[in-house]
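Q: Can you read through this structure? Questions will come right after.
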Amino acid sequence: MEKDTISQSRGFLKGILGKIGPGLIVAAVVLGPGSISAISANGSVMGTRLLWWVLASGVFMMTYTMLAAKFGVLSKKSFLTVVAQRYGRWLSVIIGVCAFIVCAGFQCGNNLGVGMAMNALVGGPIWLWACIFTLLAISFMYFFRSLYAALEKLMMALVILMLIAFVSNLAVAGPDPVQIAKGLIPFMFGKEYFLQVSAIAATSFSVIAALFQSYLVQEKNWGPGQLGEGLRDSAVGIATLTLISMVVMITSATVLATRGIAVKNAADMAVQLEPLLGRAAMWLFCLGLWGASFSSFLGNAIVGGTLLSDGLGIGGRISSKWTKILATIVMLIGMTVAVLSHRFSPVNVIIVAQATTVITVPLACFMIYWLANRKELVGESVPRWWVNLLALIGFVVVCLLAVYTVLRLSGIY
């Protein structure tokens, strides 16, 4: 009887896990060192005042991830293949090339994030850890015949690691429920908040990662019969992403902001936690940071490789030869910048990536919305009016962020 109960429990758990996966991969890609740094830095300076914006960014991210999932489930062809066939190869090439540049630029931050986390945990130069994990990630990518299945298991494990690490620290910190509630109340912000709001949205509302969901559900072999699973999976994945982001901000606000301690990045926060909450808290945070860094490290490169190969029309599957080659190039670019970062600042590389997002993000955002509403592609499963309203608001947000980025890069604002 006991064995039957254990078998039933395992079967139930396997059934649940079989219905999720793509959304958690997207969450793991988005929740990188940049996200943790932006959110922890904001929390240490402003407390929970922008907690509502983290939640709002999560809602926009969920909306576009679900739209992309719906397209992927209902379409027999990949996203950029459809774009090329309907509107011209030139458009798919622009989206693919820009997405590749964005991923290559932000891969530098992922390399440095992995290096900083390992440096804090066990010591050793940051550039060396960046090299080691680049080689591990490349080996992982070529070792498995079914890259998607291996990626899903790895990302699920890393997301669970992040949840345990960050939630445990929050429990030790003992946050004030009243302050959390106050942080969920939106307010009209002025010019002085633009940088913080932009940083949170740019790292939490990743349209390129949302677009990648359409590829992931196709790798999962979900068709029209699994539309419900695809939408629920997207909701679970992005809800997990948003929860972890909010936990990091609340922890930073509770431990650091109340003591007037400001941090610039996630590594700073890990160091500050040790004297305040004990060495275990620092280790937990570093483990969570490592999980966030390595998951984004690998996933970000695969996103760039997949979108460029599909945009060029040379392969739109994660396991395709060209996807792996291009993803390898992304990782090698990130590793090279990390190795040379002691000689120059990688800021210029990140600026190029930011400049490219001005083109890519609004364009990708519009195409997700547009194709998800084409009846000839999705049949009667067009989004409801309130979903389209959220998508429209999200589109306006990314356009405003693009304008803000242009003004900042030009030195006008």
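We label chains A, B, ... in the order they appear in the structure tokens, count residues from 1 in each chain, and number ligands from 1 in the order shown.
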Report as a PyMOL selection string all protein, DNA and RNA residues lying within 10 Å of region 323-338 of chain A, evaluated on only C-alpha atoms, omitting residues in the same chain fewer than 5 positions from it.
A: chain A and resi 100-113+115+126-135+137-139+141-142+147+297-310+314-318+343-346+349
Q: Skip region 210-221 of chain A itself and residues of its chain fewer than 3 positions away, then list as a count of residues only all residues within 6 Å of it, counting only C-alpha atoms.
A: 7
Q: Under the rule that only C-alpha atoms are counted, which of A:Cys365, A:Val83, A:Ile164, A:Leu401 is the nearest residue to Gln196 (chain A)?
A: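 Checking each of A:Cys365, A:Val83, A:Ile164, A:Leu401 against Gln196 (chain A), counting only C-alpha atoms, the winner is A:Leu401.
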Q: Just to confirm, what's the straight-line distance from CA of Val73 (chain A) to CA of Leu227 (chain A) in Å (one decimal)?
A: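 Going from CA of Val73 (chain A) over to CA of Leu227 (chain A), I get 6.1 Å.
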Q: Report as a list in words all protein, DNA and RNA residues lying within 12 Å of Leu400 (chain A), evaluated on only C-alpha atoms, omitting residues in the same chain fewer than 3 positions from it.
A: Phe194, Val197, Ser198, Ala201, Ala202, Val358, Val361, Pro362, Ile393, Gly394, Phe395, Val396, Val397, Val403, Tyr404, Thr405, Val406 and Leu407 of chain A
Q: Hey, what does DSSP flag as alpha helix (DSSP H) within region 209-372 of chain A? Can you give it to me as a short mmCIF file (atom, residue, chain, number, x, y, z; two decimals) with C-alpha atoms, in the first residue's frame?
A:
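After the write, out16.cif holds the following:
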data_model
loop_
_atom_site.label_atom_id
_atom_site.label_comp_id
_atom_site.auth_asym_id
_atom_site.auth_seq_id
_atom_site.Cartn_x
_atom_site.Cartn_y
_atom_site.Cartn_z
CA ALA A 209 12.68 36.49 -23.81
CA ALA A 210 8.88 36.60 -24.10
CA LEU A 211 9.21 36.08 -27.86
CA PHE A 212 11.41 33.05 -27.18
CA GLN A 213 8.45 31.38 -25.44
CA SER A 214 6.91 30.74 -28.87
CA TYR A 215 9.97 28.63 -29.75
CA LEU A 216 10.02 26.80 -26.43
CA VAL A 217 6.41 25.57 -26.62
CA GLN A 218 7.15 24.24 -30.11
CA GLU A 219 10.24 22.46 -28.76
CA LEU A 227 -3.18 25.58 -25.58
CA GLY A 228 -4.37 25.58 -21.97
CA GLU A 229 -1.09 24.02 -20.77
CA GLY A 230 0.87 26.59 -22.76
CA LEU A 231 -0.95 29.52 -21.19
CA ARG A 232 -0.79 28.09 -17.65
CA ASP A 233 2.89 27.32 -18.05
CA SER A 234 3.58 30.92 -19.10
CA ALA A 235 1.61 32.24 -16.14
CA VAL A 236 3.44 29.97 -13.65
CA GLY A 237 6.87 30.79 -15.05
CA ILE A 238 6.47 34.57 -15.05
CA ALA A 239 4.65 34.55 -11.69
CA THR A 240 7.72 32.77 -10.27
CA LEU A 241 10.01 35.35 -11.86
CA THR A 242 7.97 38.21 -10.38
CA LEU A 243 7.81 36.56 -6.95
CA ILE A 244 11.60 36.14 -6.76
CA SER A 245 12.13 39.73 -7.93
CA MET A 246 9.78 41.06 -5.26
CA VAL A 247 11.43 38.90 -2.58
CA VAL A 248 14.87 40.33 -3.47
CA MET A 249 13.56 43.92 -3.30
CA ILE A 250 11.79 43.34 0.03
CA THR A 251 14.91 41.71 1.50
CA SER A 252 17.09 44.60 0.36
CA ALA A 253 14.59 47.15 1.67
CA THR A 254 14.25 45.38 5.03
CA VAL A 255 17.93 44.77 5.71
CA ALA A 266 23.98 42.15 -6.22
CA ALA A 267 27.52 41.25 -5.15
CA ASP A 268 27.57 44.31 -2.87
CA MET A 269 24.29 43.19 -1.34
CA ALA A 270 25.66 39.69 -0.64
CA VAL A 271 28.66 41.19 1.20
CA GLN A 272 26.42 43.52 3.23
CA LEU A 273 24.14 40.68 4.32
CA GLU A 274 26.91 38.82 6.13
CA PRO A 275 27.47 41.22 9.07
CA LEU A 276 23.74 41.92 9.36
CA LEU A 277 22.17 38.46 9.01
CA ARG A 279 27.44 34.24 7.00
CA ALA A 280 24.68 31.78 6.07
CA ALA A 281 22.64 34.67 4.61
CA MET A 282 25.59 35.75 2.47
CA TRP A 283 26.08 32.20 1.21
CA LEU A 284 22.39 31.79 0.45
CA PHE A 285 22.29 35.05 -1.49
CA CYS A 286 25.44 34.13 -3.44
CA LEU A 287 23.97 30.73 -4.31
CA GLY A 288 20.83 32.46 -5.56
CA LEU A 289 22.94 34.97 -7.50
CA TRP A 290 24.97 32.14 -9.03
CA GLY A 291 21.75 30.35 -10.03
CA ALA A 292 20.40 33.54 -11.59
CA SER A 293 23.70 34.23 -13.36
CA PHE A 294 24.28 30.75 -14.78
CA SER A 295 20.67 30.23 -15.87
CA SER A 296 20.69 33.53 -17.73
CA PHE A 297 24.27 32.83 -18.87
CA LEU A 298 23.21 29.72 -20.79
CA GLY A 299 19.65 30.67 -21.69
CA ASN A 300 20.51 34.14 -22.98
CA ALA A 301 23.06 32.71 -25.44
CA ILE A 302 20.55 30.16 -26.75
CA VAL A 303 17.94 32.90 -27.22
CA GLY A 304 20.38 34.95 -29.30
CA GLY A 305 21.48 31.95 -31.34
CA THR A 306 17.93 30.71 -32.01
CA LEU A 307 16.50 34.06 -33.07
CA LEU A 308 19.40 34.92 -35.37
CA SER A 309 19.45 31.50 -37.05
CA ASP A 310 15.68 31.64 -37.56
CA GLY A 311 15.82 35.25 -38.72
CA LEU A 312 18.41 34.32 -41.34
CA LYS A 321 23.52 23.22 -35.72
CA TRP A 322 23.45 26.94 -36.46
CA THR A 323 21.66 27.80 -33.22
CA LYS A 324 24.44 26.10 -31.26
CA ILE A 325 27.19 27.74 -33.31
CA LEU A 326 25.71 31.22 -32.90
CA ALA A 327 25.00 30.64 -29.19
CA THR A 328 28.64 29.60 -28.78
CA ILE A 329 29.71 32.90 -30.38
CA VAL A 330 27.50 34.80 -27.90
CA MET A 331 29.16 33.02 -24.98
CA LEU A 332 32.67 33.55 -26.33
CA ILE A 333 31.98 37.29 -26.77
CA GLY A 334 30.81 37.50 -23.16
CA MET A 335 33.82 35.54 -21.93
CA THR A 336 36.27 37.71 -23.89
CA VAL A 337 34.85 40.91 -22.42
CA ALA A 338 34.95 39.39 -18.90
CA VAL A 339 38.60 38.38 -19.34
CA LEU A 340 39.56 41.85 -20.60
CA VAL A 347 30.28 49.74 -20.35
CA ASN A 348 30.74 50.47 -24.06
CA VAL A 349 29.57 46.98 -24.98
CA ILE A 350 26.51 47.38 -22.78
CA ILE A 351 25.80 50.79 -24.35
CA VAL A 352 25.80 49.19 -27.81
CA ALA A 353 23.38 46.53 -26.50
CA GLN A 354 21.15 49.22 -25.01
CA ALA A 355 21.17 51.19 -28.25
CA THR A 356 20.14 48.07 -30.17
CA THR A 357 17.25 47.40 -27.79
CA VAL A 358 15.77 50.73 -28.92
CA ILE A 359 15.15 49.11 -32.31
CA THR A 360 14.55 45.53 -31.28
CA VAL A 361 12.23 45.70 -28.31
CA PRO A 362 9.42 47.91 -29.68
CA LEU A 363 9.58 46.07 -33.02
CA ALA A 364 9.45 42.61 -31.42
CA CYS A 365 6.75 43.81 -29.03
CA PHE A 366 4.56 45.01 -31.90
CA MET A 367 5.08 41.84 -33.94
CA ILE A 368 4.07 39.58 -31.02
CA TYR A 369 0.90 41.63 -30.53
CA TRP A 370 0.17 41.81 -34.26
CA LEU A 371 0.62 38.12 -35.11
CA ALA A 372 -1.21 36.94 -31.97
#
Q: Between A:Thr258, A:Ser204, A:Gln85, A:Ser37, which one has atoms that come closest to Trp53 (chain A), using only C-alpha atoms?
A: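 Closest residue, counting only C-alpha atoms: A:Ser204.
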